[in-house]
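Novice: Got my_file_35.cif for you, mmCIF, C-alpha atoms:
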data_target
#
loop_
_atom_site.label_atom_id
_atom_site.label_comp_id
_atom_site.auth_asym_id
_atom_site.auth_seq_id
_atom_site.Cartn_x
_atom_site.Cartn_y
_atom_site.Cartn_z
CA MET X 1 11.37 14.78 -9.52
CA GLU X 2 13.91 12.20 -10.66
CA LYS X 3 12.65 8.63 -10.77
CA LYS X 4 14.42 6.38 -8.27
CA SER X 5 15.25 2.70 -8.47
CA LEU X 6 12.46 0.74 -6.81
CA ALA X 7 14.88 -2.02 -5.82
CA GLN X 8 17.18 0.50 -4.11
CA GLU X 9 14.31 2.28 -2.35
CA LEU X 10 13.15 -1.04 -0.91
CA SER X 11 16.51 -2.59 -0.07
CA GLY X 12 17.88 0.65 1.36
CA ASN X 13 15.28 0.85 4.11
CA GLU X 14 15.43 -1.81 6.83
CA TYR X 15 11.92 -1.01 7.99
CA PRO X 16 9.60 0.93 5.66
CA GLY X 17 6.71 -0.65 7.58
CA ARG X 18 3.74 -0.94 5.22
CA GLY X 19 3.97 0.26 1.65
CA ILE X 20 1.86 1.00 -1.43
CA ILE X 21 3.21 1.13 -4.99
CA VAL X 22 0.96 2.29 -7.85
CA GLY X 23 1.88 3.04 -11.45
CA LYS X 24 1.83 1.91 -15.09
CA SER X 25 3.85 -0.85 -16.74
CA ALA X 26 6.62 0.04 -19.16
CA ASP X 27 4.56 -1.12 -22.15
CA GLY X 28 1.65 1.07 -21.05
CA LYS X 29 -0.80 -1.84 -20.99
CA TYR X 30 -1.24 -2.36 -17.26
CA ALA X 31 -2.11 -0.47 -14.13
CA VAL X 32 0.39 -1.83 -11.60
CA SER X 33 -0.08 -2.02 -7.84
CA ALA X 34 1.53 -3.57 -4.79
CA TYR X 35 0.87 -3.55 -1.06
CA PHE X 36 3.25 -5.06 1.49
CA ILE X 37 3.34 -5.41 5.25
CA MET X 38 6.30 -5.83 7.57
CA GLY X 39 6.52 -6.48 11.30
CA ARG X 40 8.86 -6.31 14.27
CA SER X 41 6.64 -7.84 16.97
CA VAL X 42 5.36 -11.42 17.17
CA ASN X 43 1.82 -10.09 16.77
CA SER X 44 2.66 -8.14 13.60
CA ARG X 45 4.63 -10.99 12.06
CA ASN X 46 1.88 -13.53 12.76
CA ARG X 47 -0.11 -12.63 9.63
CA VAL X 48 -0.89 -13.74 6.11
CA PHE X 49 -2.80 -12.25 3.19
CA VAL X 50 -5.81 -14.21 1.93
CA GLU X 51 -8.12 -13.47 -0.97
CA ASP X 52 -11.49 -11.99 -0.09
CA GLY X 53 -13.77 -11.53 -3.09
CA GLU X 54 -12.03 -9.15 -5.49
CA GLY X 55 -9.75 -7.92 -2.70
CA ILE X 56 -7.72 -9.34 0.16
CA ARG X 57 -7.70 -9.32 3.96
CA THR X 58 -5.17 -10.09 6.65
CA GLN X 59 -5.62 -12.94 9.07
CA ALA X 60 -3.61 -14.49 11.87
CA PHE X 61 -1.31 -17.28 10.70
CA ASP X 62 -1.46 -18.88 14.17
CA PRO X 63 -4.68 -17.75 15.91
CA SER X 64 -3.30 -18.84 19.31
CA LYS X 65 -0.58 -16.16 19.06
CA LEU X 66 -2.93 -13.30 18.16
CA THR X 67 -3.04 -10.73 20.96
CA ASP X 68 -4.40 -7.38 19.72
CA PRO X 69 -6.19 -7.52 16.33
CA SER X 70 -7.20 -3.85 16.26
CA LEU X 71 -4.49 -2.50 13.94
CA ILE X 72 -3.32 -5.65 12.18
CA ILE X 73 -6.50 -7.41 10.99
CA TYR X 74 -8.22 -5.55 8.16
CA ALA X 75 -8.97 -5.59 4.42
CA PRO X 76 -6.08 -3.82 2.64
CA VAL X 77 -7.67 -4.10 -0.82
CA ARG X 78 -11.30 -3.71 -1.93
CA VAL X 79 -12.86 -3.08 -5.33
CA LEU X 80 -15.80 -0.74 -5.97
CA GLY X 81 -16.85 -0.80 -9.60
CA ASN X 82 -14.00 0.75 -11.61
CA ASP X 83 -12.07 1.71 -8.46
CA THR X 84 -9.48 -0.38 -6.65
CA ILE X 85 -8.78 0.83 -3.10
CA LEU X 86 -5.53 -0.02 -1.27
CA THR X 87 -4.74 1.10 2.28
CA ASN X 88 -2.70 0.10 5.31
CA GLY X 89 -5.67 -0.22 7.68
CA ASP X 90 -9.40 -0.36 8.18
CA GLN X 91 -9.74 2.96 6.37
CA THR X 92 -10.16 0.77 3.28
CA ASP X 93 -13.73 0.30 4.47
CA THR X 94 -14.06 4.03 5.18
CA VAL X 95 -13.05 4.90 1.61
CA TYR X 96 -15.23 2.15 0.14
CA ASP X 97 -18.31 3.24 2.08
CA GLY X 98 -17.71 6.94 1.43
CA MET X 99 -17.20 6.55 -2.31
CA LYS X 100 -20.24 4.29 -2.51
CA LYS X 101 -22.25 7.20 -1.06
CA GLY X 102 -20.83 9.62 -3.64
CA LEU X 103 -17.98 11.16 -1.63
CA THR X 104 -14.57 11.61 -3.19
CA PHE X 105 -11.50 9.68 -2.05
CA GLU X 106 -10.26 12.72 -0.13
CA GLN X 107 -13.65 13.47 1.44
CA SER X 108 -14.05 9.87 2.57
CA LEU X 109 -10.80 10.07 4.55
CA ARG X 110 -11.80 13.28 6.37
CA SER X 111 -13.30 11.20 9.16
CA ARG X 112 -9.98 9.41 9.85
CA THR X 113 -6.59 10.36 11.27
CA PHE X 114 -3.30 8.54 11.93
CA GLU X 115 -3.25 5.33 13.96
CA PRO X 116 -3.56 5.60 17.76
CA ASP X 117 -0.34 3.68 18.44
CA ALA X 118 1.65 6.15 20.55
CA PRO X 119 4.47 7.08 20.39
CA ASN X 120 4.69 6.17 16.68
CA PHE X 121 1.31 7.51 15.55
CA THR X 122 1.69 5.48 12.38
CA PRO X 123 0.47 7.31 9.26
CA ARG X 124 -2.54 6.01 7.41
CA ILE X 125 -1.54 5.61 3.76
CA SER X 126 -4.14 5.00 1.07
CA ALA X 127 -4.53 4.84 -2.70
CA VAL X 128 -7.32 4.53 -5.24
CA MET X 129 -6.92 3.43 -8.87
CA HIS X 130 -9.63 4.36 -11.38
CA ILE X 131 -9.85 2.59 -14.75
CA GLU X 132 -12.67 3.34 -17.16
CA ASN X 133 -13.06 3.38 -20.95
CA GLY X 134 -9.38 2.68 -21.48
CA LYS X 135 -8.27 5.55 -19.25
CA TYR X 136 -6.40 5.27 -15.97
CA ASP X 137 -5.55 7.60 -13.11
CA PHE X 138 -4.82 7.21 -9.43
CA ALA X 139 -4.53 9.13 -6.20
CA MET X 140 -2.62 8.62 -2.95
CA SER X 141 -3.13 9.96 0.55
CA ILE X 142 -1.25 10.14 3.81
CA LEU X 143 -2.71 11.15 7.17
CA LYS X 144 0.05 11.76 9.71
CA SER X 145 0.68 13.46 13.03
CA ASP X 146 2.34 16.87 12.93
CA ASN X 147 5.90 15.87 13.90
CA GLY X 148 4.61 13.41 16.48
CA ASN X 149 2.03 15.76 18.00
CA PRO X 150 -1.17 13.72 18.44
CA GLU X 151 -3.28 16.87 18.70
CA SER X 152 -2.64 17.78 15.05
CA CYS X 153 -3.27 15.76 11.89
CA SER X 154 -1.62 16.69 8.61
CA ARG X 155 -3.53 15.56 5.51
CA PHE X 156 -2.00 15.21 2.06
CA THR X 157 -3.61 13.94 -1.14
CA PHE X 158 -1.71 13.47 -4.42
CA ALA X 159 -3.56 12.90 -7.70
CA TYR X 160 -1.91 11.49 -10.84
CA GLU X 161 -3.82 11.78 -14.12
CA ASN X 162 -2.76 9.64 -17.07
CA PRO X 163 0.42 8.28 -15.43
CA GLN X 164 3.25 7.71 -17.86
CA PRO X 165 4.40 4.20 -18.84
CA GLY X 166 7.29 2.83 -16.82
CA SER X 167 6.65 4.99 -13.77
CA ALA X 168 5.05 4.54 -10.36
CA ARG X 169 4.71 6.22 -7.00
CA PHE X 170 5.79 4.60 -3.74
CA ILE X 171 4.56 5.62 -0.31
CA HIS X 172 5.24 3.85 2.98
CA THR X 173 4.69 4.42 6.67
CA TYR X 174 8.22 4.87 8.05
CA MET X 175 11.44 6.48 6.89
CA GLY X 176 13.41 3.78 8.69
CA ASN X 177 13.79 1.78 11.88
CA GLY X 178 14.04 3.21 15.39
CA ASP X 179 12.68 3.08 18.93
CA VAL X 180 10.17 5.72 17.83
CA LEU X 181 9.47 5.05 14.17
CA PRO X 182 9.88 8.17 11.98
CA SER X 183 6.85 8.86 9.77
CA TYR X 184 7.10 9.04 6.00
CA GLU X 185 8.01 12.48 4.67
CA GLY X 186 7.23 14.25 1.41
CA GLU X 187 5.43 13.42 -1.82
CA PRO X 188 5.15 9.74 -2.82
CA THR X 189 8.51 8.74 -4.24
CA PRO X 190 8.65 8.44 -8.07
CA VAL X 191 10.13 5.08 -9.03
CA ALA X 192 10.91 3.47 -12.38
CA LEU X 193 9.09 0.40 -13.63
CA GLU X 194 11.64 -0.89 -16.09
CA GLU X 195 10.85 -3.12 -19.06
CA SER X 196 12.84 -5.89 -17.34
CA PHE X 197 10.07 -6.39 -14.78
CA SER X 198 6.99 -5.53 -16.80
CA SER X 199 5.32 -8.90 -16.11
CA ILE X 200 3.49 -9.40 -12.83
CA ASP X 201 5.78 -12.24 -11.76
CA ASP X 202 8.95 -10.24 -12.42
CA PHE X 203 7.48 -7.24 -10.58
CA THR X 204 6.36 -9.38 -7.62
CA ASN X 205 9.75 -11.05 -7.32
CA LEU X 206 11.58 -7.72 -7.49
CA VAL X 207 9.54 -6.24 -4.64
CA TRP X 208 9.67 -9.33 -2.44
CA LYS X 209 13.40 -10.02 -2.78
CA ASN X 210 14.31 -6.41 -1.93
CA LEU X 211 12.26 -6.20 1.28
CA ASN X 212 14.25 -6.82 4.46
CA GLU X 213 14.34 -10.58 5.04
CA ASP X 214 13.85 -10.39 8.81
CA ASN X 215 10.95 -7.94 8.77
CA LYS X 216 8.90 -8.72 5.66
CA VAL X 217 5.61 -10.53 6.22
CA SER X 218 3.31 -10.48 3.16
CA LEU X 219 3.02 -9.00 -0.33
CA PHE X 220 0.07 -8.44 -2.68
CA THR X 221 0.51 -7.39 -6.32
CA ARG X 222 -2.02 -6.80 -9.07
CA PHE X 223 -1.83 -5.95 -12.78
CA ILE X 224 -5.01 -4.57 -14.34
CA GLU X 225 -5.21 -4.48 -18.13
CA ILE X 226 -6.24 -0.89 -18.85
CA SER X 227 -8.08 -1.70 -22.10
CA SER X 228 -10.24 -4.48 -20.65
CA GLY X 229 -10.12 -4.28 -16.85
CA LYS X 230 -8.89 -7.88 -16.63
CA THR X 231 -6.84 -8.52 -13.49
CA GLU X 232 -3.95 -10.74 -12.48
CA THR X 233 -3.04 -11.06 -8.80
CA ARG X 234 -0.18 -12.54 -6.81
CA ILE X 235 0.14 -13.06 -3.05
CA ILE X 236 3.32 -14.06 -1.20
CA ASN X 237 3.27 -14.88 2.52
CA LYS X 238 6.42 -15.52 4.52
CA ASN X 239 4.37 -17.69 6.88
CA LYS X 240 3.46 -20.96 5.18
#
What is this file in structure tokens?
Specialist:
Amino acid sequence: MEKKSLAQELSGNEYPGRGIIVGKSADGKYAVSAYFIMGRSVNSRNRVFVEDGEGIRTQAFDPSKLTDPSLIIYAPVRVLGNDTILTNGDQTDTVYDGMKKGLTFEQSLRSRTFEPDAPNFTPRISAVMHIENGKYDFAMSILKSDNGNPESCSRFTFAYENPQPGSARFIHTYMGNGDVLPSYEGEPTPVALEESFSSIDDFTNLVWKNLNEDNKVSLFTRFIEISSGKTETRIINKNK
């Protein structure tokens, strides 16, 4: 598959919803990751990312405006030893607990399906990054309804061993905006991580500036040095 421009993939979609980007920097030194959230409703837009141990969690920016926390308050990022888990919902905890018990990433997600938010039935997207002894690989998953049928769950897992420098995969919840939001389709999109944004600040700025200004809410990025496991993290919240 041809690598796409990350900037164009982001700017060309008014409402990708929530998204995960995972790959390797152009110089090959860093495992690169990003997770962003967007929102159309007051409840969805009333959020910020805050650090929580080695990971992050969402919280209400204005607690008085919080109505239904069930699908918007969760820990998108958690760390378990050499594994960094990123998801768009409380399945982060499901993966963390399952892998802690010895299950694989895919096995851990067997107990979950798409979100119960009819008529959208938002997909659950997840990723895990594994770094050990100077080696790096990652996997991504999407759990989605079968063309909007809530009686059927389609499960897809994609594993990427020894990802190549300057490349990443991008998966998000929606193909675009609409009254009924269309679920993501296909394999995670291959995108280029050019040398021009190989630092965490350049990468963070590129993602943030290309998300739709009206709908973007928060962004998390992390670079992990593959040789040492040392991390650098950035968080941007539209609500300040």
Novice: Just say which residues the PyMOL selection byres ((chain X and resi 166) around 9) picks in this file, as a PyMOL selection string.
Specialist: chain X and resi 23-28+163-165+167-168+191-195+198
Novice: Mind pulling up the distance from atom CA of X:Pro188 to atom CA of X:Phe170?
Specialist: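 The value is 5.3 Å.
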Novice: Just checking: using only C-alpha atoms, which residue out of X:Glu9, X:Glu51, X:Glu232, X:Asp202 ends up closest to X:Arg78?
Specialist: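 Answer, going by the shortest atom-to-atom distance: X:Glu51.
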Novice: Taking the file as I've supplied it (selection: the PyMOL selection byres ((chain X and resi 131-144) around 6)), which residues are included? Please answer as a PyMOL selection string.
Specialist: chain X and resi 82+113-114+123-130+145+153-162+226-227
Novice: Show which residues sit within 8 Å of X:Phe105, as a tab-separated table (two decimals) with C-alpha atoms, in the frame of the given file. Count all atoms listed in the file, and ignore same-chain residues fewer than 4 positions away.
Specialist:
chain	number	residue	atom	x	y	z
X	95	VAL	CA	-13.05	4.90	1.61
X	98	GLY	CA	-17.71	6.94	1.43
X	99	MET	CA	-17.20	6.55	-2.31
X	109	LEU	CA	-10.80	10.07	4.55
X	128	VAL	CA	-7.32	4.53	-5.24
Novice: Can you list every residue of stretch 10-51 of chain X that has an atom at most 8 Å from stretch 176-185 of chain X, with its nearest atom pair and the distance in Å to one decimal, using all atoms listed in the file, ordered by chain then number, as a tab-separated table?
Specialist:
residue	atom	partner	partner_atom	distance
X:Asn13	CA	X:Gly176	CA	5.7
X:Glu14	CA	X:Gly176	CA	6.2
X:Tyr15	CA	X:Gly176	CA	5.1
X:Pro16	CA	X:Gly176	CA	5.6
Novice: Could you please take those selected residues and save C-alpha atoms as a PDB file, keeping the file's coordinate frame?
Specialist:
ATOM      1  CA  ASN X  13      15.280   0.850   4.110  1.00  0.00           C
ATOM      2  CA  GLU X  14      15.430  -1.810   6.830  1.00  0.00           C
ATOM      3  CA  TYR X  15      11.920  -1.010   7.990  1.00  0.00           C
ATOM      4  CA  PRO X  16       9.600   0.930   5.660  1.00  0.00           C
TER       5      PRO X  16
END
